[in-house]
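Just target.txt here, compact mmCIF, C-alpha atoms and all ligand atoms:
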# COMPACT_ATOMS: atom_id res chain seq x y z
CA MET A 1 0.00 0.00 0.00
CA SER A 2 1.30 3.44 -0.89
CA PRO A 3 1.94 5.89 1.93
CA VAL A 4 -0.22 8.78 3.03
CA ALA A 5 1.73 11.96 3.68
CA ASP A 6 0.73 15.22 5.29
CA ALA A 7 2.37 17.72 2.96
CA LYS A 8 3.03 21.32 3.94
CA VAL A 9 2.18 23.96 1.37
CA ILE A 10 5.35 25.87 0.42
CA LYS A 11 3.50 28.21 -1.93
CA GLN A 12 0.67 28.32 -4.43
CA ASP A 13 0.97 30.40 -7.63
CA LYS A 14 -1.97 31.42 -9.79
CA ILE A 15 -0.65 30.88 -13.32
CA ALA A 16 -3.82 32.01 -15.15
CA PRO A 17 -7.50 32.33 -14.22
CA GLY A 18 -8.49 28.99 -12.65
CA HIS A 19 -5.01 27.45 -13.07
CA PHE A 20 -2.62 26.93 -10.15
CA ARG A 21 0.84 25.60 -9.43
CA LEU A 22 1.00 24.16 -5.93
CA TYR A 23 4.39 23.54 -4.27
CA LEU A 24 4.31 20.99 -1.45
CA PHE A 25 6.92 19.63 0.95
CA ALA A 26 6.60 15.84 0.68
CA PRO A 27 10.14 14.37 0.56
CA GLU A 28 9.17 10.68 0.41
CA ILE A 29 6.83 11.23 -2.52
CA ALA A 30 9.38 13.48 -4.28
CA GLU A 31 12.02 10.77 -3.89
CA ALA A 32 9.86 7.94 -5.23
CA ALA A 33 7.86 9.73 -7.96
CA LYS A 34 8.19 8.86 -11.63
CA PRO A 35 6.76 10.91 -14.54
CA GLY A 36 3.15 10.00 -15.28
CA GLN A 37 2.34 9.00 -11.71
CA PHE A 38 -0.17 10.92 -9.63
CA VAL A 39 -1.12 11.74 -6.08
CA HIS A 40 -4.59 11.28 -4.63
CA VAL A 41 -5.32 14.56 -2.88
CA ARG A 42 -7.64 15.24 0.02
CA CYS A 43 -8.94 18.61 -1.15
CA GLY A 44 -10.90 19.78 1.89
CA HIS A 45 -10.82 19.39 5.65
CA THR A 46 -14.38 18.08 6.09
CA SER A 47 -16.15 15.00 4.70
CA ASP A 48 -17.32 16.99 1.65
CA PRO A 49 -15.96 16.11 -0.83
CA LEU A 50 -15.55 12.67 0.62
CA LEU A 51 -13.30 11.28 -2.07
CA ARG A 52 -9.77 12.34 -2.81
CA ARG A 53 -9.04 13.80 -6.26
CA PRO A 54 -6.30 12.49 -8.58
CA VAL A 55 -3.73 15.08 -9.68
CA SER A 56 -0.60 14.28 -11.71
CA ILE A 57 2.84 14.90 -10.33
CA HIS A 58 3.89 17.90 -12.41
CA ALA A 59 7.48 18.21 -11.16
CA VAL A 60 9.67 17.26 -8.22
CA ASP A 61 12.74 18.67 -6.55
CA ARG A 62 14.19 15.58 -4.88
CA GLU A 63 16.96 17.47 -3.09
CA LYS A 64 14.53 19.87 -1.44
CA GLY A 65 11.75 17.31 -1.00
CA LYS A 66 9.29 19.29 -3.14
CA VAL A 67 6.34 17.91 -5.09
CA ILE A 68 4.70 20.32 -7.53
CA LEU A 69 1.17 20.02 -8.91
CA PHE A 70 -0.39 21.96 -11.76
CA TYR A 71 -4.16 21.91 -11.84
CA ARG A 72 -7.25 23.55 -13.25
CA VAL A 73 -10.22 24.34 -11.04
CA ALA A 74 -12.96 22.00 -12.31
CA GLY A 75 -15.38 21.73 -9.38
CA LYS A 76 -15.67 21.65 -5.61
CA GLY A 77 -12.49 19.66 -4.81
CA THR A 78 -10.06 21.64 -6.93
CA SER A 79 -11.75 24.88 -5.88
CA LEU A 80 -11.06 24.02 -2.21
CA LEU A 81 -7.50 23.07 -3.13
CA SER A 82 -6.93 26.50 -4.64
CA LYS A 83 -7.69 28.16 -1.28
CA ASN A 84 -4.60 26.67 0.40
CA ASN A 85 -1.73 28.94 1.31
CA ARG A 86 1.82 28.67 2.65
CA GLY A 87 1.91 26.66 5.89
CA ASP A 88 -1.36 24.76 5.33
CA THR A 89 -1.30 20.97 5.36
CA ILE A 90 -2.72 18.76 2.60
CA SER A 91 -3.06 14.98 2.80
CA LEU A 92 -1.56 13.17 -0.20
CA LEU A 93 -1.65 9.50 -1.08
CA GLY A 94 1.09 8.49 -3.46
CA PRO A 95 2.92 8.31 -5.67
CA LEU A 96 0.31 6.17 -7.40
CA GLY A 97 -0.10 4.49 -10.74
CA HIS A 98 2.05 3.38 -13.61
CA GLY A 99 3.84 6.21 -15.41
CA PHE A 100 5.55 6.83 -18.77
CA SER A 101 8.38 4.58 -19.88
CA ILE A 102 11.69 6.39 -20.07
CA PRO A 103 12.90 6.21 -23.69
CA SER A 104 16.36 5.17 -24.84
CA ARG A 105 18.75 8.08 -25.35
CA HIS A 106 18.78 7.50 -29.12
CA ALA A 107 15.02 7.53 -29.65
CA ARG A 108 13.20 10.39 -31.42
CA ILE A 109 10.74 11.63 -28.84
CA PHE A 110 7.49 13.42 -29.65
CA VAL A 111 5.32 14.83 -26.91
CA VAL A 112 1.75 15.89 -27.71
CA ALA A 113 -0.09 17.76 -24.95
CA GLY A 114 -3.55 19.26 -25.00
CA GLY A 115 -4.47 21.89 -22.38
CA ILE A 116 -3.93 20.69 -18.82
CA GLY A 117 -2.40 17.53 -20.34
CA ILE A 118 0.98 19.24 -20.08
CA ALA A 119 0.83 18.66 -16.28
CA PRO A 120 2.44 15.18 -16.19
CA LEU A 121 4.35 15.59 -19.47
CA TYR A 122 6.27 18.53 -17.99
CA PHE A 123 7.78 16.13 -15.40
CA PHE A 124 8.58 13.65 -18.18
CA LEU A 125 10.29 16.41 -20.21
CA GLN A 126 12.37 17.53 -17.21
CA GLU A 127 13.50 13.96 -16.51
CA ILE A 128 14.56 13.20 -20.09
CA ALA A 129 16.31 16.60 -20.36
CA ASP A 130 18.31 15.72 -17.22
CA SER A 131 19.52 12.58 -18.94
CA GLY A 132 20.50 14.47 -22.10
CA THR A 133 17.51 13.68 -24.37
CA SER A 134 15.45 16.31 -26.11
CA ALA A 135 11.96 16.06 -27.58
CA ASP A 136 9.80 17.80 -30.14
CA VAL A 137 6.87 19.08 -28.10
CA PHE A 138 3.47 19.84 -29.63
CA LEU A 139 1.60 22.05 -27.24
CA GLY A 140 -2.07 22.84 -27.83
CA ALA A 141 -4.44 25.20 -26.05
CA ALA A 142 -7.61 27.17 -26.64
CA THR A 143 -5.69 30.43 -26.78
CA GLU A 144 -2.16 31.83 -26.45
CA LYS A 145 -2.52 32.64 -22.73
CA GLN A 146 -3.18 28.98 -21.99
CA LEU A 147 0.00 27.70 -23.63
CA PHE A 148 1.60 27.02 -20.29
CA PHE A 149 5.35 26.74 -19.60
CA MET A 150 6.43 27.09 -23.23
CA ASN A 151 9.57 29.04 -22.34
CA GLU A 152 10.54 26.76 -19.46
CA ILE A 153 10.24 23.75 -21.76
CA LYS A 154 12.36 25.44 -24.43
CA GLU A 155 14.96 26.40 -21.82
CA SER A 156 15.37 22.76 -20.84
CA GLY A 157 16.44 22.01 -24.42
CA HIS A 158 13.27 20.84 -26.19
CA ARG A 159 11.73 22.22 -29.39
CA VAL A 160 8.19 23.51 -28.95
CA PHE A 161 5.51 23.73 -31.66
CA PRO A 162 2.43 25.58 -30.38
CA SER A 163 -1.12 25.41 -31.64
CA THR A 164 -4.19 27.37 -30.59
CA ASP A 165 -7.86 26.80 -31.34
CA ASP A 166 -8.39 30.53 -31.94
CA GLY A 167 -5.20 31.06 -33.97
CA SER A 168 -3.82 33.65 -31.52
CA THR A 169 -0.37 32.09 -31.94
CA GLY A 170 1.25 29.16 -33.71
CA TYR A 171 -0.74 26.70 -35.79
CA HIS A 172 -4.43 27.59 -36.06
CA GLY A 173 -6.28 24.41 -35.10
CA THR A 174 -5.94 21.35 -32.92
CA VAL A 175 -2.67 20.02 -31.60
CA THR A 176 -3.32 16.71 -33.35
CA GLY A 177 -3.85 18.62 -36.63
CA LEU A 178 -0.46 20.28 -36.10
CA PHE A 179 1.24 16.97 -35.32
CA GLU A 180 -0.33 15.29 -38.35
CA GLU A 181 0.87 18.11 -40.60
CA TYR A 182 4.36 17.82 -39.14
CA LEU A 183 4.42 14.09 -39.89
CA ARG A 184 3.13 14.66 -43.41
CA LYS A 185 5.86 17.20 -44.11
CA SER A 186 8.49 14.96 -42.62
CA ASP A 187 7.73 12.33 -45.28
CA ASN A 188 9.30 14.64 -47.86
CA GLN A 189 12.46 15.47 -45.95
CA SER A 190 15.56 13.56 -45.06
CA GLY A 191 14.62 14.07 -41.46
CA PRO A 192 12.22 13.65 -38.70
CA ILE A 193 10.77 10.15 -38.72
CA ARG A 194 10.45 7.19 -40.99
CA ARG A 195 8.55 3.99 -40.50
CA GLY A 196 10.63 1.66 -38.32
CA ASP A 197 12.71 4.44 -36.75
CA ASP A 198 13.18 4.33 -33.01
CA ALA A 199 10.48 6.95 -32.47
CA LYS A 200 7.97 7.26 -29.70
CA VAL A 201 5.03 9.53 -28.99
CA TYR A 202 3.83 10.51 -25.51
CA GLY A 203 0.39 12.08 -25.18
CA CYS A 204 -1.88 13.55 -22.54
CA GLY A 205 -5.02 15.62 -22.97
CA PRO A 206 -8.76 15.26 -23.52
CA TYR A 207 -10.17 11.86 -24.52
CA GLY A 208 -11.03 12.92 -28.11
CA MET A 209 -7.54 14.29 -28.66
CA LEU A 210 -5.89 11.06 -27.46
CA LYS A 211 -8.21 8.99 -29.63
CA ARG A 212 -7.23 11.04 -32.69
CA LEU A 213 -3.56 10.91 -31.73
CA THR A 214 -3.77 7.12 -31.57
CA ASP A 215 -5.25 7.01 -35.11
CA ILE A 216 -2.47 9.25 -36.39
CA ILE A 217 0.40 7.31 -34.89
CA THR A 218 -1.10 3.95 -35.84
CA THR A 219 -1.30 5.10 -39.48
CA ALA A 220 2.27 6.41 -39.30
CA GLY A 221 3.53 3.16 -37.73
CA ILE A 222 4.86 4.86 -34.60
CA THR A 223 4.39 3.54 -31.09
CA GLY A 224 3.06 5.72 -28.30
CA GLU A 225 1.86 5.98 -24.74
CA VAL A 226 -1.12 7.96 -23.52
CA SER A 227 -2.19 9.06 -20.06
CA LEU A 228 -5.92 8.60 -19.46
CA GLU A 229 -7.91 10.82 -17.11
CA GLU A 230 -10.55 8.49 -15.71
CA ARG A 231 -12.86 9.37 -12.83
CA MET A 232 -11.43 7.74 -9.71
CA GLY A 233 -12.73 6.62 -6.34
CA CYS A 234 -10.14 4.92 -4.15
CA GLY A 235 -7.04 5.47 -6.33
CA VAL A 236 -5.49 2.19 -5.17
CA GLY A 237 -7.21 -0.54 -7.14
CA ALA A 238 -10.07 -1.51 -4.81
CA CYS A 239 -13.27 0.12 -6.14
CA LEU A 240 -12.95 -0.48 -9.92
CA SER A 241 -14.50 2.92 -10.72
CA CYS A 242 -11.57 3.72 -13.03
CA ALA A 243 -11.82 0.58 -15.20
CA CYS A 244 -10.79 1.18 -18.84
CA LYS A 245 -11.41 -1.09 -21.78
CA THR A 246 -8.12 -2.35 -23.21
CA ARG A 247 -7.02 -4.93 -25.75
CA SER A 248 -5.56 -8.19 -24.66
CA GLY A 249 -4.10 -10.83 -27.01
CA GLU A 250 -5.41 -11.09 -30.57
CA ASN A 251 -9.09 -10.15 -30.22
CA GLY A 252 -9.59 -10.10 -26.49
CA VAL A 253 -10.77 -7.24 -24.35
CA GLN A 254 -9.78 -6.71 -20.76
CA TYR A 255 -10.74 -4.04 -18.24
CA ARG A 256 -7.76 -2.50 -16.47
CA ARG A 257 -7.68 -0.04 -13.60
CA ALA A 258 -6.34 3.37 -14.57
CA CYS A 259 -5.17 3.96 -10.98
CA VAL A 260 -2.94 0.88 -10.83
CA GLU A 261 -2.24 -0.47 -14.34
CA GLY A 262 -2.45 3.10 -15.71
CA PRO A 263 -3.03 5.99 -15.99
CA VAL A 264 -0.41 5.57 -18.75
CA PHE A 265 -1.13 2.83 -21.29
CA PRO A 266 0.38 1.92 -24.67
CA ALA A 267 -1.89 3.80 -27.12
CA LYS A 268 -2.53 0.68 -29.22
CA GLU A 269 -3.92 -1.18 -26.18
CA VAL A 270 -6.69 1.31 -25.43
CA VAL A 271 -10.14 0.50 -26.85
CA TRP A 272 -11.43 3.96 -27.81
CA GLU A 273 -15.21 4.12 -27.91
C1 LIG A 301 -4.62 10.22 -13.19
C2 LIG A 301 -5.23 11.60 -13.24
C3 LIG A 301 -4.40 12.69 -13.20
C4 LIG A 301 -4.96 13.99 -13.24
N1 LIG A 301 -4.09 15.03 -13.22
C5 LIG A 301 -4.60 16.28 -13.25
C6 LIG A 301 -3.71 17.38 -13.22
O1 LIG A 301 -2.49 17.24 -13.14
N2 LIG A 301 -4.26 18.62 -13.25
C7 LIG A 301 -5.63 18.81 -13.33
O2 LIG A 301 -6.07 19.95 -13.38
N3 LIG A 301 -6.49 17.79 -13.38
C8 LIG A 301 -6.00 16.52 -13.32
N4 LIG A 301 -6.88 15.47 -13.34
C9 LIG A 301 -8.34 15.74 -13.36
C10 LIG A 301 -8.78 16.02 -11.92
O3 LIG A 301 -8.69 14.85 -11.15
C11 LIG A 301 -10.23 16.51 -11.90
O4 LIG A 301 -10.30 17.78 -12.53
C12 LIG A 301 -10.73 16.64 -10.48
O5 LIG A 301 -10.86 15.36 -9.91
C13 LIG A 301 -12.05 17.38 -10.44
O6 LIG A 301 -12.48 17.38 -9.09
P1 LIG A 301 -13.44 18.53 -8.57
O7 LIG A 301 -13.96 18.11 -7.24
O8 LIG A 301 -12.76 19.86 -8.65
O9 LIG A 301 -14.56 18.55 -9.65
P2 LIG A 301 -15.93 17.64 -9.68
O10 LIG A 301 -16.97 18.43 -8.97
O11 LIG A 301 -15.64 16.26 -9.24
O12 LIG A 301 -16.15 17.69 -11.21
C14 LIG A 301 -16.27 18.93 -11.95
C15 LIG A 301 -16.15 18.68 -13.42
O13 LIG A 301 -14.87 18.08 -13.75
C16 LIG A 301 -15.07 16.87 -14.44
N5 LIG A 301 -14.10 15.89 -13.97
C17 LIG A 301 -14.01 15.41 -12.72
N6 LIG A 301 -13.03 14.48 -12.64
C18 LIG A 301 -12.49 14.38 -13.85
C19 LIG A 301 -11.47 13.59 -14.40
N7 LIG A 301 -10.80 12.68 -13.71
N8 LIG A 301 -11.17 13.77 -15.70
C20 LIG A 301 -11.85 14.66 -16.42
N9 LIG A 301 -12.84 15.44 -15.97
C21 LIG A 301 -13.16 15.30 -14.70
C22 LIG A 301 -16.47 16.41 -14.08
O14 LIG A 301 -17.03 15.59 -15.08
C23 LIG A 301 -17.20 17.71 -13.94
O15 LIG A 301 -17.66 18.18 -15.17
C24 LIG A 301 -6.36 14.16 -13.32
C25 LIG A 301 -7.20 13.05 -13.37
C26 LIG A 301 -6.64 11.78 -13.33
C27 LIG A 301 -7.51 10.59 -13.37
S1 LIG A 302 -10.03 4.33 -8.46
FE1 LIG A 302 -10.65 2.60 -7.30
S2 LIG A 302 -9.92 0.96 -8.52
FE2 LIG A 302 -9.12 2.71 -9.51

Step by step, read the file and then write its structure as structure tokens.
Ligand SMILES: Cc1cc2nc3c(=O)[nH]c(=O)nc-3n(C[C@H](O)[C@H](O)[C@H](O)COP(=O)(O)OP(=O)(O)OC[C@H]3O[C@@H](n4cnc5c(N)ncnc54)[C@H](O)[C@@H]3O)c2cc1C
Ligand code: FES
Amino acid sequence: MSPVADAKVIKQDKIAPGHFRLYLFAPEIAEAAKPGQFVHVRCGHTSDPLLRRPVSIHAVDREKGKVILFYRVAGKGTSLLSKNNRGDTISLLGPLGHGFSIPSRHARIFVVAGGIGIAPLYFFLQEIADSGTSADVFLGAATEKQLFFMNEIKESGHRVFPSTDDGSTGYHGTVTGLFEEYLRKSDNQSGPIRRGDDAKVYGCGPYGMLKRLTDIITTAGITGEVSLEERMGCGVGACLSCACKTRSGENGVQYRRACVEGPVFPAKEVVWE
């Protein structure tokens, strides 16, 4: 069973309306966390909401024992979370779940993030940068102001390709449209990827975006991993509320728990409905 920790709030920054970065002192979780894992957060101090809320580990500072979360206020739980200030205590359960695989140093890495989906991928990008690997990062948002952490990601050595739904900056359209166009162009160059190359795509974002991303990479013959945001109850494999339909063997279907076997799954194993 994973540990419960009472984490002290170091600070909470409002990044944009309804979007917060929360810095917590939780050394054991910081030490153990891997990109793609999450913490189950007790958002309030009463029995309402009763259930914890899953939030990805956005970054860690292992030396200083910090765990950083990046979240969007969606409802009651995250709204209560946003009221915490320096010195408050928040109960965390974690790190939980199965995260992203760490690619080989020679692989071509493509990261595709939609909206708040950058939360866990930021941690992944920091970890691979620390081991000397850089990625091409496709970052999508509704509008320019919601393209979070673009400069920080560039500063850690990655290339960033932005897209916005309203065309305020970068590619005008969806992040999957941008990625598809990039792959199409790359067919005509000596460069980016060819079928059979050691290339891998990592995605996180809304369900429809991940479904489309899976179609694109399947057609291009590239493997990928996606992080699914299922509704969760217990977070530790007991209640089955996070069951996802996945492929098993030739034609078989198997339900797997996003909180234990996921939230990251090989894209080709997810049965998109
Ligand atoms: C593994 C995992 C990691 C996550 N990481 C992050 C993160 O890093 N940052 C972040 O902002 N959010 C993240 N989420 C989503 C986050 O858990 C929900 O936004 C949160 O639980 C909403 O709780 P609430 O009480 O504020 O809202 P509720 O009152 O419970 O719900 C408000 C609205 O949000 C929707 N919602 C609730 N839970 C989810 C969910 N799991 N996925 C999608 N929509 C949901 C509801 O359908 C409803 O419309 C993650 C979810 C999972 C499963
Ligand atoms: S949330 Fe209970 S089994 Fe996954």

Please identify all polymer residues within 9 Å of Glu63 in chain A, counting all atoms listed in the file, omitting same-chain residues fewer than 4 positions from it, and present them as a PyMOL selection string.
-> chain A and resi 27+30-31

Any chance you could tabulate, as CSV, the residues of chain A at most 7 Å from ligand LIG 302 (chain A) with each one's nearest atom pair and distance in Å to one decimal, using only C-alpha atoms and all ligand atoms, in chain and rising number order?
residue,atom,partner,partner_atom,distance
A:Met232,CA,A:LIG302,S1,3.9
A:Gly233,CA,A:LIG302,S1,4.1
A:Cys234,CA,A:LIG302,FE1,3.9
A:Gly235,CA,A:LIG302,S1,3.8
A:Val236,CA,A:LIG302,FE1,5.6
A:Gly237,CA,A:LIG302,S2,3.4
A:Ala238,CA,A:LIG302,S2,4.5
A:Cys239,CA,A:LIG302,FE1,3.8
A:Leu240,CA,A:LIG302,S2,3.6
A:Ser241,CA,A:LIG302,FE1,5.2
A:Cys242,CA,A:LIG302,FE2,4.4
A:Ala243,CA,A:LIG302,FE2,6.6
A:Arg257,CA,A:LIG302,FE2,5.1
A:Ala258,CA,A:LIG302,FE2,5.8
A:Cys259,CA,A:LIG302,FE2,4.4
A:Val260,CA,A:LIG302,FE2,6.6

With distances taken over all atoms listed in the file, which of A:Gly94, A:Pro162, A:Gly18, A:Pro266 is nearest to Arg42 in chain A?
-> A:Gly94

Using all atoms listed in the file, which residues sit within 8 Å of range 52-62 of chain A once same-chain residues fewer than 3 positions away are excluded, as number ranges by chain?
-> A: 27, 30-31, 33, 35-43, 49, 65-71, 77-78, 119-123, 126, 232-235

Would you save the residues of that selection, restricted to C-alpha atoms, as a PDB file, in the frame of the given file?
ATOM      1  CA  PRO A  27      10.140  14.370   0.560  1.00  0.00           C
ATOM      2  CA  ALA A  30       9.380  13.480  -4.280  1.00  0.00           C
ATOM      3  CA  GLU A  31      12.020  10.770  -3.890  1.00  0.00           C
ATOM      4  CA  ALA A  33       7.860   9.730  -7.960  1.00  0.00           C
ATOM      5  CA  PRO A  35       6.760  10.910 -14.540  1.00  0.00           C
ATOM      6  CA  GLY A  36       3.150  10.000 -15.280  1.00  0.00           C
ATOM      7  CA  GLN A  37       2.340   9.000 -11.710  1.00  0.00           C
ATOM      8  CA  PHE A  38      -0.170  10.920  -9.630  1.00  0.00           C
ATOM      9  CA  VAL A  39      -1.120  11.740  -6.080  1.00  0.00           C
ATOM     10  CA  HIS A  40      -4.590  11.280  -4.630  1.00  0.00           C
ATOM     11  CA  VAL A  41      -5.320  14.560  -2.880  1.00  0.00           C
ATOM     12  CA  ARG A  42      -7.640  15.240   0.020  1.00  0.00           C
ATOM     13  CA  CYS A  43      -8.940  18.610  -1.150  1.00  0.00           C
ATOM     14  CA  PRO A  49     -15.960  16.110  -0.830  1.00  0.00           C
ATOM     15  CA  GLY A  65      11.750  17.310  -1.000  1.00  0.00           C
ATOM     16  CA  LYS A  66       9.290  19.290  -3.140  1.00  0.00           C
ATOM     17  CA  VAL A  67       6.340  17.910  -5.090  1.00  0.00           C
ATOM     18  CA  ILE A  68       4.700  20.320  -7.530  1.00  0.00           C
ATOM     19  CA  LEU A  69       1.170  20.020  -8.910  1.00  0.00           C
ATOM     20  CA  PHE A  70      -0.390  21.960 -11.760  1.00  0.00           C
ATOM     21  CA  TYR A  71      -4.160  21.910 -11.840  1.00  0.00           C
ATOM     22  CA  GLY A  77     -12.490  19.660  -4.810  1.00  0.00           C
ATOM     23  CA  THR A  78     -10.060  21.640  -6.930  1.00  0.00           C
ATOM     24  CA  ALA A 119       0.830  18.660 -16.280  1.00  0.00           C
ATOM     25  CA  PRO A 120       2.440  15.180 -16.190  1.00  0.00           C
ATOM     26  CA  LEU A 121       4.350  15.590 -19.470  1.00  0.00           C
ATOM     27  CA  TYR A 122       6.270  18.530 -17.990  1.00  0.00           C
ATOM     28  CA  PHE A 123       7.780  16.130 -15.400  1.00  0.00           C
ATOM     29  CA  GLN A 126      12.370  17.530 -17.210  1.00  0.00           C
ATOM     30  CA  MET A 232     -11.430   7.740  -9.710  1.00  0.00           C
ATOM     31  CA  GLY A 233     -12.730   6.620  -6.340  1.00  0.00           C
ATOM     32  CA  CYS A 234     -10.140   4.920  -4.150  1.00  0.00           C
ATOM     33  CA  GLY A 235      -7.040   5.470  -6.330  1.00  0.00           C
TER      34      GLY A 235
END

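Of the residues listed (A:Arg231, A:His98, A:Arg21, A:Arg212), A:Arg231 shows the shortest atom-to-atom separation from ligand LIG 301 (chain A); distances use all atoms listed in the file.
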
Near Ala141 in chain A, counting only C-alpha atoms, which residues have an atom at most 10 Å away, once you skip same-chain residues fewer than 5 positions from it, shown as an NGL selection string?
-> :A and (113-117 or 146-148 or 162-167 or 169 or 173-175)

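We find CA of Lys200 in chain A and CA of Pro103 in chain A to be spaced 7.8 Å apart.
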